[in-house]
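Asker: As input, take model_36.pdb (PDB, C-alpha atoms):
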```pdb
ATOM      1  CA  MET A  69      26.558 233.567 100.143
ATOM      2  CA  SER A  70      26.847 237.210 101.171
ATOM      3  CA  ARG A  71      27.039 239.927  98.541
ATOM      4  CA  HIS A  72      29.787 241.575 100.596
ATOM      5  CA  HIS A  73      33.247 240.174 100.129
ATOM      6  CA  ASN A  74      36.059 241.097 102.439
ATOM      7  CA  SER A  75      39.320 241.950 100.700
ATOM      8  CA  ILE A  76      42.354 240.186 102.135
ATOM      9  CA  TYR A  77      45.701 241.949 102.521
ATOM     10  CA  TRP A  78      48.974 240.381 103.637
ATOM     11  CA  LYS A  79      51.017 242.313 106.168
ATOM     12  CA  GLY A  80      54.137 240.391 107.104
ATOM     13  CA  ASN A  81      52.918 237.087 108.508
ATOM     14  CA  GLU A  82      49.506 238.531 109.407
ATOM     15  CA  VAL A  83      46.401 238.614 107.272
ATOM     16  CA  GLU A  84      44.327 241.800 107.432
ATOM     17  CA  THR A  85      40.741 241.875 106.264
ATOM     18  CA  GLU A  86      39.217 245.047 104.836
ATOM     19  CA  LYS A  87      35.747 245.417 106.313
ATOM     20  CA  PRO A  88      32.803 246.749 104.314
ATOM     21  CA  PRO A  89      31.877 250.386 105.045
ATOM     22  CA  TYR A  90      29.479 251.215 107.841
ATOM     23  CA  ALA A  91      27.032 254.074 108.233
ATOM     24  CA  ASN A  92      28.306 257.345 109.675
ATOM     25  CA  LYS A  93      27.029 258.438 113.110
ATOM     26  CA  VAL A  94      25.478 261.712 114.236
ATOM     27  CA  CYS A  95      27.086 262.994 117.444
ATOM     28  CA  GLY A  96      24.936 266.086 117.976
ATOM     29  CA  THR A  97      22.729 268.814 116.576
ATOM     30  CA  LYS A  98      22.817 272.598 116.526
ATOM     31  CA  TRP A  99      19.487 274.337 116.062
ATOM     32  CA  TYR A 100      20.723 277.932 115.482
ATOM     33  CA  ILE A 101      17.945 278.911 117.879
ATOM     34  CA  LYS A 102      18.404 282.697 117.916
ATOM     35  CA  ASP A 103      19.197 283.023 114.203
ATOM     36  CA  ASN A 104      16.124 280.977 113.310
ATOM     37  CA  ALA A 105      14.013 282.929 115.821
ATOM     38  CA  LYS A 106      14.957 286.209 114.114
ATOM     39  CA  ASN A 107      13.976 284.807 110.711
ATOM     40  CA  HIS A 108      10.721 283.343 112.053
ATOM     41  CA  LYS A 109       9.754 286.435 114.069
ATOM     42  CA  THR A 110       9.859 284.489 117.353
ATOM     43  CA  ILE A 111      12.905 286.173 118.929
ATOM     44  CA  LYS A 112      10.791 287.639 121.758
ATOM     45  CA  TYR A 113       9.559 284.235 122.979
ATOM     46  CA  ASP A 114      10.921 283.227 126.409
ATOM     47  CA  LEU A 115      11.668 279.666 125.227
ATOM     48  CA  VAL A 116      14.290 281.033 122.822
ATOM     49  CA  HIS A 117      16.164 282.753 125.673
ATOM     50  CA  ASP A 118      15.867 280.087 128.393
ATOM     51  CA  GLU A 119      19.243 280.041 130.194
ATOM     52  CA  THR A 120      19.322 276.298 130.895
ATOM     53  CA  GLU A 121      17.675 274.862 127.792
ATOM     54  CA  PRO A 122      16.711 277.259 124.999
ATOM     55  CA  LYS A 123      14.243 275.816 122.488
ATOM     56  CA  PRO A 124      13.715 276.436 118.782
ATOM     57  CA  VAL A 125      10.459 278.291 118.123
ATOM     58  CA  LEU A 126       9.670 278.157 114.410
ATOM     59  CA  ARG A 127       6.809 279.095 112.128
ATOM     60  CA  ARG A 128       5.257 276.778 109.603
ATOM     61  CA  GLY A 129       5.591 277.715 105.956
ATOM     62  CA  GLN A 130       9.228 278.774 106.445
ATOM     63  CA  THR A 131      12.725 277.306 106.251
ATOM     64  CA  PHE A 132      15.114 276.985 109.196
ATOM     65  CA  THR A 133      18.774 276.084 109.642
ATOM     66  CA  LEU A 134      19.874 272.911 111.451
ATOM     67  CA  ALA A 135      23.387 271.481 111.741
ATOM     68  CA  LEU A 136      24.401 267.869 112.334
ATOM     69  CA  SER A 137      27.812 266.854 113.695
ATOM     70  CA  PHE A 138      29.115 263.467 112.554
ATOM     71  CA  LYS A 139      31.683 261.050 113.932
ATOM     72  CA  GLU A 140      33.483 261.086 110.565
ATOM     73  CA  ASP A 141      33.590 263.540 107.665
ATOM     74  CA  PHE A 142      30.289 263.584 105.814
ATOM     75  CA  ASP A 143      30.554 262.309 102.246
ATOM     76  CA  VAL A 144      27.534 263.116 100.075
ATOM     77  CA  LYS A 145      28.467 260.275  97.701
ATOM     78  CA  LYS A 146      28.663 257.691 100.506
ATOM     79  CA  ASP A 147      26.406 258.882 103.345
ATOM     80  CA  ARG A 148      22.605 259.051 103.295
ATOM     81  CA  VAL A 149      20.705 261.095 105.903
ATOM     82  CA  ILE A 150      16.994 261.097 106.670
ATOM     83  CA  LEU A 151      15.336 263.506 109.100
ATOM     84  CA  ASP A 152      12.385 261.984 110.922
ATOM     85  CA  PHE A 153      10.228 264.623 112.638
ATOM     86  CA  LYS A 154       7.539 263.314 115.002
ATOM     87  CA  PHE A 155       4.545 265.006 116.627
ATOM     88  CA  GLY A 156       2.592 263.510 119.531
ATOM     89  CA  ASN A 157       2.532 260.008 121.020
ATOM     90  CA  LYS A 158       1.630 257.983 117.918
ATOM     91  CA  PRO A 159       3.066 259.819 114.926
ATOM     92  CA  LEU A 160       1.835 258.695 111.504
ATOM     93  CA  ILE A 161       2.714 260.064 108.084
ATOM     94  CA  GLN A 162      -0.912 259.612 106.955
ATOM     95  CA  LYS A 163      -2.161 261.862 109.768
ATOM     96  CA  GLY A 164       0.468 264.556 109.226
ATOM     97  CA  THR A 165       2.094 263.868 112.587
ATOM     98  CA  ARG A 166       5.281 262.400 111.141
ATOM     99  CA  ALA A 167       7.576 263.693 108.408
ATOM    100  CA  VAL A 168      10.300 261.470 106.936
ATOM    101  CA  ILE A 169      12.579 263.756 104.937
ATOM    102  CA  PRO A 170      15.544 262.600 102.857
ATOM    103  CA  VAL A 171      18.306 265.199 102.857
ATOM    104  CA  LEU A 172      19.016 266.314  99.293
ATOM    105  CA  SER A 173      22.425 267.427  98.081
ATOM    106  CA  ASP A 174      21.130 270.707  96.672
ATOM    107  CA  GLU A 175      18.253 273.100  97.202
ATOM    108  CA  SER A 176      14.950 271.667  96.215
ATOM    109  CA  THR A 177      12.415 273.701  94.333
ATOM    110  CA  LYS A 178       9.841 275.478  96.433
ATOM    111  CA  THR A 179       7.579 272.856  97.866
ATOM    112  CA  LYS A 180       4.389 272.632  99.871
ATOM    113  CA  ASP A 181       5.790 269.630 101.751
ATOM    114  CA  TRP A 182       8.591 269.052 104.234
ATOM    115  CA  ALA A 183      11.980 269.276 102.521
ATOM    116  CA  SER A 184      15.654 269.420 103.469
ATOM    117  CA  TRP A 185      18.822 270.174 101.544
ATOM    118  CA  ILE A 186      22.508 270.672 102.285
ATOM    119  CA  ASP A 187      23.668 274.243 102.834
ATOM    120  CA  SER A 188      26.826 275.287 100.971
ATOM    121  CA  ARG A 189      28.501 276.213 104.306
ATOM    122  CA  SER A 190      28.766 272.507 105.238
ATOM    123  CA  ASN A 191      32.234 271.017 105.613
ATOM    124  CA  GLY A 192      33.961 268.010 107.123
ATOM    125  CA  ARG A 193      32.060 266.522 110.030
ATOM    126  CA  HIS A 194      29.566 269.405 110.127
ATOM    127  CA  LEU A 195      26.544 269.188 107.854
ATOM    128  CA  ILE A 196      24.457 272.365 107.748
ATOM    129  CA  LEU A 197      20.924 271.857 106.485
ATOM    130  CA  GLN A 198      18.037 274.006 105.389
ATOM    131  CA  VAL A 199      14.719 272.455 106.444
ATOM    132  CA  HIS A 200      11.377 273.645 105.083
ATOM    133  CA  ILE A 201       8.280 273.290 107.285
ATOM    134  CA  PRO A 202       5.070 273.163 105.222
ATOM    135  CA  ALA A 203       2.306 275.685 105.884
ATOM    136  CA  CYS A 204      -0.025 272.814 106.824
ATOM    137  CA  ALA A 205       2.280 271.267 109.487
ATOM    138  CA  MET A 206       0.740 270.502 112.869
ATOM    139  CA  VAL A 207       1.157 273.300 115.401
ATOM    140  CA  GLY A 208       2.866 272.163 118.593
ATOM    141  CA  ILE A 209       5.953 270.287 119.756
ATOM    142  CA  TRP A 210       7.937 268.209 117.267
ATOM    143  CA  ARG A 211      10.860 265.858 118.029
ATOM    144  CA  LEU A 212      13.663 264.829 115.688
ATOM    145  CA  GLU A 213      15.391 261.546 114.921
ATOM    146  CA  VAL A 214      18.200 261.421 112.383
ATOM    147  CA  ARG A 215      18.818 258.200 110.472
ATOM    148  CA  CYS A 216      22.179 257.683 108.778
ATOM    149  CA  GLY A 217      22.913 254.966 106.286
ATOM    150  CA  LEU A 218      24.855 254.394 103.104
ATOM    151  CA  GLN A 219      23.824 255.661  99.672
ATOM    152  CA  ASP A 220      24.735 252.275  98.202
ATOM    153  CA  THR A 221      23.148 249.733 100.530
ATOM    154  CA  THR A 222      24.831 246.855  98.682
ATOM    155  CA  GLN A 223      28.277 248.083  99.787
ATOM    156  CA  GLY A 224      27.943 248.125 103.558
ATOM    157  CA  HIS A 225      25.960 247.522 106.659
ATOM    158  CA  GLY A 226      23.720 249.214 109.113
ATOM    159  CA  GLN A 227      21.889 252.326 109.901
ATOM    160  CA  ASN A 228      22.502 254.571 112.876
ATOM    161  CA  VAL A 229      19.711 256.485 114.575
ATOM    162  CA  TYR A 230      20.308 259.628 116.615
ATOM    163  CA  THR A 231      17.436 260.817 118.825
ATOM    164  CA  ASP A 232      17.577 264.535 119.542
ATOM    165  CA  GLU A 233      16.082 265.486 122.906
ATOM    166  CA  THR A 234      15.198 269.046 121.854
ATOM    167  CA  ASP A 235      11.546 270.051 121.782
ATOM    168  CA  CYS A 236      10.974 272.006 118.569
ATOM    169  CA  TYR A 237       7.974 274.341 118.772
ATOM    170  CA  VAL A 238       6.130 274.968 115.499
ATOM    171  CA  LEU A 239       3.650 277.865 115.474
ATOM    172  CA  PHE A 240       1.004 279.284 113.160
ATOM    173  CA  ASN A 241       2.368 281.759 110.643
ATOM    174  CA  PRO A 242       0.188 284.803 109.972
ATOM    175  CA  TRP A 243       2.671 285.957 107.279
ATOM    176  CA  CYS A 244       2.323 282.743 105.244
ATOM    177  CA  LEU A 245      -0.258 282.620 102.438
ATOM    178  CA  GLY A 246      -0.596 278.837 102.674
ATOM    179  CA  ASN A 247      -1.534 278.972 106.348
ATOM    180  CA  HIS A 248      -5.267 278.258 105.718
ATOM    181  CA  SER A 249      -6.834 281.311 104.125
ATOM    182  CA  PRO A 250      -5.805 284.756 102.871
ATOM    183  CA  ALA A 251      -7.986 286.293 105.593
ATOM    184  CA  CYS A 252      -5.487 285.020 108.197
ATOM    185  CA  VAL A 253      -2.487 286.696 106.580
ATOM    186  CA  VAL A 254      -0.901 289.744 108.204
ATOM    187  CA  PRO A 255       0.680 292.006 105.573
ATOM    188  CA  CYS A 256       4.397 292.700 105.904
ATOM    189  CA  THR A 257       5.182 296.276 106.849
TER     190      THR A 257
END
```
For the file at hand, write its structure as structure tokens.

Answerer:
Amino acid sequence: MSRHHNSIYWKGNEVETEKPPYANKVCGTKWYIKDNAKNHKTIKYDLVHDETEPKPVLRRGQTFTLALSFKEDFDVKKDRVILDFKFGNKPLIQKGTRAVIPVLSDESTKTKDWASWIDSRSNGRHLILQVHIPACAMVGIWRLEVRCGLQDTTQGHGQNVYTDETDCYVLFNPWCLGNHSPACVVPCT
């Protein structure tokens, strides 16, 4: 017998069944390309200003802003979101070419790993995230999938996956101390 029971409601002569909740759906992303480029010192890159398809150009060891638009209002108590960043043709977590990042409800402590948390500017169907790229992340093109499910998996069904078609360029960061060795660090002036 299923753990999910449908509640039955009478409406006149008709019987209505309350269905268990389903996972929310991502409808789109916003990469805040120029804002992130200013913060990552990549604003002069042509990819950022491409008229047909601008691309995010980010530096490892820093945090960037990403927004997700949902079909329904995002509810931190009900909805669970996981960012799945992939690098190359056969991404593997063990090889550092895949990062599976649960979105946290508040800012995580400074970390050496990938991390993501909800920005306080989020509201309704728009979830604004801060995403930290570790200093040891692979340099090159990353792609994003967003997986949405329910916090309480015993209360509903399914998981929705949104595949973002944006190429996200991650570069070396000469201003980041964790970017291999102190000899590679350019002092801020």

Asker: May I have the residues at most 12 Å from (33.1, 269.2, 109.6) in the file's coordinates, counting all atoms listed in the file, as a ChimeraX atom specification?

Answerer: /A:94-95,135-143,189-196

Asker: Pick from A:Tyr237, A:Tyr230, A:Phe153, A:Tyr113: nearest to Trp182 in chain A, with only C-alpha atoms counted?

Answerer: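 Of all the options, A:Phe153 lies closest to Trp182 in chain A.
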
Asker: Record the distance separating CA of Tyr100 in chain A and CA of Pro124 in chain A, expressed in Å with one decimal.

Answerer: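 We find that CA of Tyr100 in chain A and CA of Pro124 in chain A lie 7.9 Å from each other.
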
Asker: Go through A:Gly129, A:Asp187, A:Leu212, A:Leu218 and flag the residue nearest Cys244 in chain A, using all atoms listed in the file for the distances.

Answerer: A:Gly129

Asker: Could you tell me how far CA of Arg127 in chain A sits from CA of Phe240 in chain A, in Å to one decimal place?

Answerer: 5.9 Å

Asker: Compile the contact shell of Asp232 in chain A as an MDAnalysis selection string: residues with an atom at most 8 Å away, counting all atoms listed in the file, same-chain residues fewer than 5 positions apart removed.

Answerer: chainID A and resid 96:97 211:214

Asker: Report as a ChimeraX atom specification all protein, DNA and RNA residues lying within 12 Å of Ala183 in chain A, evaluated on only C-alpha atoms, omitting residues in the same chain fewer than 3 positions from it.

Answerer: /A:129-133,150-153,167-180,186,197-202

Asker: Report the distance between CA of Val238 in chain A and CA of Thr110 in chain A in Å, rounded to one decimal place.

Answerer: 10.4 Å

Asker: Which is closest to Val144 in chain A among A:Thr231, A:Asn92, A:Asn104, A:Thr165, if we use only C-alpha atoms?

Answerer: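 Once distances to Val144 in chain A are computed over only C-alpha atoms, the minimum belongs to A:Asn92.
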
Asker: Set up a box along x, y and z of the file covering all listed atoms of range 189-207 of chain A, add 5 Å on every one of the six sides, and write the centre and edge lengths in Å to one decimal, as lines of an AutoDock Vina configuration file.

Answerer:
```
center_x = 17.0
center_y = 271.4
center_z = 109.9
size_x = 44.0
size_y = 19.7
size_z = 21.1
```

Asker: Fewer than 3 positions away in the same chain doesn't count, so skip those; otherwise give me all residues within 7 Å of Gly217 in chain A, counting all atoms listed in the file, as a PyMOL selection string.

Answerer: chain A and resi 91-92+147-149+226-228

Asker: Determine the residue set returned by the PyMOL selection byres ((chain A and resi 210) around 6) for the present structure, and present it as a list in words.

Answerer: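 After applying the PyMOL selection byres ((chain A and resi 210) around 6), what remains is Lys154, Phe155, Ile209, Arg211 and Cys236 of chain A.
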
Asker: Go ahead and save the residues from that selection, with C-alpha atoms, as a PDB file, in the coordinates of the input.

Answerer:
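Saved to out-v3.pdb:
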```pdb
ATOM      1  CA  LYS A 154       7.539 263.314 115.002  1.00  0.00           C
ATOM      2  CA  PHE A 155       4.545 265.006 116.627  1.00  0.00           C
ATOM      3  CA  ILE A 209       5.953 270.287 119.756  1.00  0.00           C
ATOM      4  CA  ARG A 211      10.860 265.858 118.029  1.00  0.00           C
ATOM      5  CA  CYS A 236      10.974 272.006 118.569  1.00  0.00           C
TER       6      CYS A 236
END
```

Asker: Which residue, A:Cys216, A:Ala105, A:Met206, A:Trp185, has the smallest gap to Pro159 in chain A when you use all atoms listed in the file?

Answerer: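 Going through A:Cys216, A:Ala105, A:Met206, A:Trp185 one by one, the smallest distance to Pro159 in chain A is for A:Met206.
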
Asker: Taking all atoms listed in the file into account, which of A:Ile111, A:Leu245, A:Leu134, A:Cys204 comes nearest Lys163 in chain A?

Answerer: A:Cys204
